[in-house]
file target_39.cif (mmCIF, C-alpha atoms)
data_upload
loop_
_atom_site.label_atom_id
_atom_site.label_comp_id
_atom_site.auth_asym_id
_atom_site.auth_seq_id
_atom_site.Cartn_x
_atom_site.Cartn_y
_atom_site.Cartn_z
CA MET A 1 -67.79 41.46 -1.22
CA LYS A 2 -64.62 42.80 -2.64
CA LEU A 3 -61.52 43.26 -0.44
CA THR A 4 -59.03 45.93 -1.27
CA HIS A 5 -55.30 45.62 -1.03
CA ALA A 6 -55.26 47.83 2.02
CA ALA A 7 -57.80 45.62 3.80
CA VAL A 8 -55.81 42.43 3.04
CA LEU A 9 -52.62 44.12 4.27
CA ALA A 10 -54.27 45.26 7.50
CA LEU A 11 -55.68 41.78 8.14
CA ALA A 12 -52.25 40.15 7.61
CA THR A 13 -50.61 42.64 9.98
CA VAL A 14 -53.14 41.88 12.73
CA LEU A 15 -52.54 38.13 12.33
CA ILE A 16 -48.75 38.47 12.49
CA VAL A 17 -48.84 40.77 15.54
CA GLY A 18 -51.24 38.41 17.29
CA CYS A 19 -48.98 35.39 16.72
CA GLU A 20 -45.83 37.20 17.78
CA SER A 21 -46.74 38.04 21.34
CA SER A 22 -48.14 34.63 22.31
CA GLY A 23 -44.98 32.57 23.08
CA GLU A 24 -42.00 34.82 22.57
CA ALA A 25 -41.74 36.01 26.15
CA ASP A 26 -41.84 32.42 27.44
CA LEU A 27 -39.18 31.41 24.96
CA ARG A 28 -36.87 34.29 25.91
CA GLU A 29 -37.31 33.51 29.62
CA TRP A 30 -36.47 29.80 29.08
CA MET A 31 -33.35 30.68 27.05
CA ALA A 32 -32.14 33.06 29.82
CA GLN A 33 -32.59 30.31 32.45
CA GLU A 34 -30.69 27.77 30.35
CA ARG A 35 -27.78 30.18 29.83
CA ALA A 36 -27.58 30.84 33.57
CA GLN A 37 -27.56 27.10 34.41
CA ALA A 38 -25.02 26.05 31.76
CA GLN A 39 -21.61 25.41 33.32
CA PRO A 40 -18.63 24.74 31.07
CA ARG A 41 -16.75 21.56 31.98
CA VAL A 42 -13.03 21.92 31.35
CA THR A 43 -10.73 19.22 32.64
CA PRO A 44 -7.51 20.66 33.98
CA LEU A 45 -4.30 19.86 32.13
CA THR A 46 -1.71 17.73 33.85
CA GLU A 47 1.70 19.22 34.41
CA PRO A 48 4.23 18.15 31.76
CA LYS A 49 6.96 15.78 32.90
CA GLN A 50 10.23 17.45 33.68
CA PHE A 51 13.02 16.45 31.27
CA GLU A 52 16.03 15.06 33.03
CA PRO A 53 19.10 14.58 30.82
CA GLN A 54 20.95 11.27 31.20
CA GLN A 55 24.71 10.92 31.17
CA TYR A 56 26.00 8.82 28.22
CA ALA A 57 28.08 5.98 29.65
CA VAL A 58 30.53 4.48 27.16
CA GLU A 59 31.87 1.80 29.53
CA GLY A 60 33.03 -1.07 27.33
CA GLU A 61 30.87 -0.08 24.35
CA MET A 62 32.03 1.16 20.98
CA ASP A 63 31.35 4.86 20.47
CA PRO A 64 28.55 5.14 17.84
CA PHE A 65 30.23 8.20 16.35
CA SER A 66 33.72 6.71 16.04
CA PRO A 67 35.41 6.52 12.63
CA GLN A 68 35.85 2.74 13.13
CA ARG A 69 32.13 2.13 13.42
CA LEU A 70 31.40 4.34 10.40
CA THR A 71 34.00 2.49 8.32
CA LEU A 72 32.50 -0.90 9.24
CA ALA A 73 29.00 0.25 8.35
CA LEU A 74 30.09 1.69 5.00
CA ARG A 75 32.04 -1.46 4.13
CA ARG A 76 29.02 -3.66 4.96
CA ASP A 77 26.65 -1.47 2.91
CA SER A 78 28.96 -1.32 -0.11
CA ALA A 79 29.30 -5.13 -0.13
CA GLN A 80 25.52 -5.50 -0.03
CA VAL A 81 25.00 -2.95 -2.84
CA ALA A 82 27.61 -4.75 -4.95
CA SER A 83 25.87 -8.12 -4.48
CA ASN A 84 22.48 -6.56 -5.34
CA ALA A 85 23.94 -4.93 -8.45
CA ALA A 86 25.49 -8.25 -9.51
CA LEU A 87 22.09 -9.93 -9.14
CA ILE A 88 20.09 -7.46 -11.27
CA ALA A 89 22.75 -6.26 -13.77
CA PRO A 90 22.48 -9.23 -16.19
CA GLU A 91 18.69 -8.87 -16.24
CA LEU A 92 18.87 -5.19 -17.16
CA ALA A 93 21.40 -5.83 -19.95
CA ARG A 94 19.41 -8.51 -21.83
CA ARG A 95 16.57 -8.06 -24.30
CA LYS A 96 13.06 -8.63 -22.86
CA GLU A 97 11.03 -11.59 -24.08
CA PRO A 98 7.37 -11.20 -25.20
CA LEU A 99 5.81 -13.04 -22.22
CA GLU A 100 7.49 -10.63 -19.76
CA ALA A 101 4.86 -8.05 -20.74
CA TYR A 102 2.11 -10.07 -19.01
CA PRO A 103 1.62 -10.59 -15.26
CA LEU A 104 1.74 -14.20 -14.05
CA ASP A 105 -1.91 -14.14 -12.97
CA ALA A 106 -2.89 -13.50 -16.62
CA MET A 107 -1.18 -16.75 -17.68
CA GLU A 108 -2.60 -20.27 -17.49
CA MET A 109 -0.54 -23.42 -17.74
CA VAL A 110 -2.72 -25.72 -19.82
CA GLY A 111 -0.33 -28.61 -20.43
CA SER A 112 3.19 -29.92 -20.87
CA LEU A 113 5.04 -32.11 -23.34
CA MET A 114 8.50 -33.36 -24.23
CA LYS A 115 9.93 -31.63 -27.28
CA ALA A 116 13.29 -32.92 -28.54
CA GLY A 117 13.83 -34.59 -25.17
CA LYS A 118 13.33 -31.34 -23.24
CA PRO A 119 10.29 -30.50 -21.10
CA THR A 120 8.08 -27.83 -22.63
CA ALA A 121 5.07 -26.14 -21.03
CA LEU A 122 2.00 -24.84 -22.81
CA LEU A 123 0.82 -21.43 -21.62
CA LYS A 124 -2.40 -19.71 -22.55
CA VAL A 125 -2.13 -15.90 -22.57
CA ASP A 126 -4.80 -13.63 -24.12
CA LYS A 127 -6.45 -16.61 -25.87
CA LEU A 128 -3.13 -17.52 -27.55
CA LEU A 129 -1.09 -20.65 -26.84
CA TYR A 130 2.67 -20.37 -26.21
CA GLN A 131 5.34 -23.06 -25.81
CA VAL A 132 7.97 -22.21 -23.19
CA GLY A 133 11.06 -24.04 -22.06
CA ILE A 134 13.59 -23.93 -19.23
CA GLY A 135 15.62 -20.72 -19.25
CA GLU A 136 12.90 -18.56 -20.83
CA TYR A 137 11.44 -15.55 -19.02
CA LEU A 138 7.86 -14.89 -17.85
CA GLY A 139 6.19 -12.01 -16.03
CA PRO A 140 7.30 -8.52 -15.03
CA ASN A 141 9.66 -9.58 -12.20
CA TYR A 142 12.43 -11.08 -14.35
CA GLY A 143 10.92 -14.55 -13.82
CA ARG A 144 13.17 -17.21 -15.36
CA ILE A 145 11.86 -20.76 -15.76
CA THR A 146 14.02 -23.15 -13.73
CA LYS A 147 11.96 -26.36 -13.87
CA ILE A 148 9.00 -27.74 -15.80
CA THR A 149 7.00 -30.74 -14.57
CA GLU A 150 3.76 -32.25 -15.83
CA THR A 151 1.76 -30.09 -13.42
CA ALA A 152 3.79 -26.93 -12.76
CA ILE A 153 6.35 -24.38 -13.92
CA GLN A 154 8.86 -23.15 -11.35
CA LEU A 155 10.28 -19.65 -11.74
CA ARG A 156 13.05 -17.69 -10.09
CA GLU A 157 11.97 -14.04 -9.85
CA LEU A 158 13.97 -10.98 -8.81
CA VAL A 159 11.98 -8.59 -6.66
CA GLN A 160 12.79 -5.66 -4.41
CA ASP A 161 12.18 -6.07 -0.70
CA ALA A 162 10.97 -3.33 1.65
CA THR A 163 14.47 -1.82 1.91
CA GLY A 164 14.92 -1.65 -1.87
CA ASP A 165 17.38 -4.57 -2.07
CA TRP A 166 16.98 -7.10 -4.89
CA ILE A 167 16.26 -10.64 -3.71
CA GLU A 168 15.43 -13.94 -5.40
CA ARG A 169 11.97 -15.43 -4.94
CA MET A 170 10.74 -18.81 -6.15
CA THR A 171 7.28 -18.86 -7.74
CA THR A 172 5.18 -21.70 -9.14
CA LEU A 173 2.68 -21.52 -11.98
CA GLU A 174 0.44 -24.61 -11.69
CA LEU A 175 -1.53 -26.54 -14.30
CA GLN A 176 -5.11 -25.28 -14.71
CA GLU A 177 -7.33 -28.27 -15.44
CA GLY A 178 -10.78 -27.78 -16.94
CA VAL A 179 -10.70 -23.98 -16.64
CA THR A 180 -11.81 -22.01 -19.66
CA LYS A 181 -11.93 -18.28 -19.94
#
call {"tool": "encode", "arguments": {"input": "target_39.cif", "output": "structure tokens"}}
result
Amino acid sequence: MKLTHAAVLALATVLIVGCESSGEADLREWMAQERAQAQPRVTPLTEPKQFEPQQYAVEGEMDPFSPQRLTLALRRDSAQVASNAALIAPELARRKEPLEAYPLDAMEMVGSLMKAGKPTALLKVDKLLYQVGIGEYLGPNYGRITKITETAIQLRELVQDATGDWIERMTTLELQEGVTK
């Protein structure tokens, strides 16, 4: 039995029409009921607080806009800027040393010795061994070696605090025993 294209098309149309009418009316009725029952819930806004201006009472206080107060603040700030500049200026004027290119966490203190009566520390950086003494510089924060013991190197670093002012910070690089990288 051979079906023609027209017969297949007619059969498909009958199947589609038969499926369409079975549940569509029920679905449309349910959707209409749900729309009618849905109530939007909007919480009412509270009234904004009324702004009441306050009178500025100077009684015994210094006026914040007075020239005296401004002069004191400027004098205090200029003294602080001058002390910060004096702290960092010598560091900016000198030539950088090779170990200032490496961060302190990339350095390992692997030993110490006395060389010509002066304490000397042995640092391992990038699989190379360096001898450093007091007064030499390490790390990116202008770290100057202030003391060398058998187990540690103490540094004075210059760092900027949250306000941008330069401050001194003491840091210690300790001996790494039995650590190999």
call {"tool": "closest_residue", "arguments": {"input": "target_39.cif", "among": "A:Gln33, A:Leu104, A:Thr172, A:Val110", "to": "Gly139 (chain A)", "atoms": "all atoms listed in the file"}}
result
A:Leu104
call {"tool": "atom_distance", "arguments": {"input": "target_39.cif", "atom1": "CA of Thr13 (chain A)", "atom2": "CA of Leu27 (chain A)"}}
result
21.9 Å
call {"tool": "closest_residue", "arguments": {"input": "target_39.cif", "among": "A:Ala85, A:Leu173, A:Leu129, A:Leu155", "to": "Asp105 (chain A)", "atoms": "all atoms listed in the file"}}
result
A:Leu173
call {"tool": "closest_residue", "arguments": {"input": "target_39.cif", "among": "A:Pro48, A:Gln176, A:Gln160, A:Trp166", "to": "Leu123 (chain A)", "atoms": "all atoms listed in the file"}}
result
A:Gln176
call {"tool": "resolve_selection", "arguments": {"input": "target_39.cif", "expression": "the PyMOL selection byres ((chain A and resi 154) around 12)", "output": "MDAnalysis selection string"}}
result
chainID A and resid 104 109 121 132:138 143:153 155:157 169:175
call {"tool": "closest_residue", "arguments": {"input": "target_39.cif", "among": "A:Thr43, A:Arg69, A:Pro140, A:Val125", "to": "Lys96 (chain A)", "atoms": "all atoms listed in the file"}}
result
A:Pro140
call {"tool": "atom_distance", "arguments": {"input": "target_39.cif", "atom1": "CA of Leu128 (chain A)", "atom2": "CA of Leu113 (chain A)"}}
result
17.2 Å
call {"tool": "atom_distance", "arguments": {"input": "target_39.cif", "atom1": "CA of Ile167 (chain A)", "atom2": "CA of Asn84 (chain A)"}}
result
7.6 Å
call {"tool": "decode", "arguments": {"input": "target_39.cif", "residues": "region 47-62 of chain A", "atoms": "N, CA and C atoms", "output": "PDB file, in the first residue's frame"}}
result
ATOM      1  N   GLU A  47       6.891  57.845  55.323  1.00  0.00           N
ATOM      2  CA  GLU A  47       7.102  59.257  55.044  1.00  0.00           C
ATOM      3  C   GLU A  47       8.548  59.617  55.376  1.00  0.00           C
ATOM      4  N   PRO A  48       9.212  60.394  54.533  1.00  0.00           N
ATOM      5  CA  PRO A  48      10.587  60.794  54.853  1.00  0.00           C
ATOM      6  C   PRO A  48      10.605  61.725  56.061  1.00  0.00           C
ATOM      7  N   LYS A  49      11.715  61.656  56.810  1.00  0.00           N
ATOM      8  CA  LYS A  49      11.853  62.506  57.986  1.00  0.00           C
ATOM      9  C   LYS A  49      12.006  63.961  57.544  1.00  0.00           C
ATOM     10  N   GLN A  50      11.400  64.820  58.283  1.00  0.00           N
ATOM     11  CA  GLN A  50      11.471  66.246  57.975  1.00  0.00           C
ATOM     12  C   GLN A  50      12.825  66.795  58.447  1.00  0.00           C
ATOM     13  N   PHE A  51      13.528  67.493  57.589  1.00  0.00           N
ATOM     14  CA  PHE A  51      14.820  68.077  57.936  1.00  0.00           C
ATOM     15  C   PHE A  51      14.605  69.328  58.770  1.00  0.00           C
ATOM     16  N   GLU A  52      15.262  69.343  59.903  1.00  0.00           N
ATOM     17  CA  GLU A  52      15.184  70.508  60.768  1.00  0.00           C
ATOM     18  C   GLU A  52      16.587  71.074  60.933  1.00  0.00           C
ATOM     19  N   PRO A  53      16.859  72.251  60.396  1.00  0.00           N
ATOM     20  CA  PRO A  53      18.204  72.826  60.525  1.00  0.00           C
ATOM     21  C   PRO A  53      18.518  73.166  61.976  1.00  0.00           C
ATOM     22  N   GLN A  54      19.794  72.978  62.354  1.00  0.00           N
ATOM     23  CA  GLN A  54      20.254  73.266  63.710  1.00  0.00           C
ATOM     24  C   GLN A  54      21.067  74.556  63.689  1.00  0.00           C
ATOM     25  N   GLN A  55      20.956  75.309  64.718  1.00  0.00           N
ATOM     26  CA  GLN A  55      21.727  76.543  64.850  1.00  0.00           C
ATOM     27  C   GLN A  55      23.145  76.182  65.267  1.00  0.00           C
ATOM     28  N   TYR A  56      24.165  76.752  64.609  1.00  0.00           N
ATOM     29  CA  TYR A  56      25.563  76.511  64.957  1.00  0.00           C
ATOM     30  C   TYR A  56      25.928  77.394  66.140  1.00  0.00           C
ATOM     31  N   ALA A  57      26.288  76.749  67.247  1.00  0.00           N
ATOM     32  CA  ALA A  57      26.630  77.486  68.467  1.00  0.00           C
ATOM     33  C   ALA A  57      28.143  77.491  68.630  1.00  0.00           C
ATOM     34  N   VAL A  58      28.752  78.657  68.608  1.00  0.00           N
ATOM     35  CA  VAL A  58      30.192  78.800  68.684  1.00  0.00           C
ATOM     36  C   VAL A  58      30.690  78.861  70.115  1.00  0.00           C
ATOM     37  N   GLU A  59      29.887  79.083  71.052  1.00  0.00           N
ATOM     38  CA  GLU A  59      30.187  79.285  72.470  1.00  0.00           C
ATOM     39  C   GLU A  59      31.487  78.634  72.950  1.00  0.00           C
ATOM     40  N   GLY A  60      32.530  79.402  73.031  1.00  0.00           N
ATOM     41  CA  GLY A  60      33.793  78.934  73.590  1.00  0.00           C
ATOM     42  C   GLY A  60      34.624  78.085  72.640  1.00  0.00           C
ATOM     43  N   GLU A  61      34.155  77.789  71.477  1.00  0.00           N
ATOM     44  CA  GLU A  61      34.884  76.965  70.517  1.00  0.00           C
ATOM     45  C   GLU A  61      35.555  77.853  69.475  1.00  0.00           C
ATOM     46  N   MET A  62      36.615  77.318  68.874  1.00  0.00           N
ATOM     47  CA  MET A  62      37.276  78.058  67.804  1.00  0.00           C
ATOM     48  C   MET A  62      36.468  77.854  66.517  1.00  0.00           C
TER      49      MET A  62
END
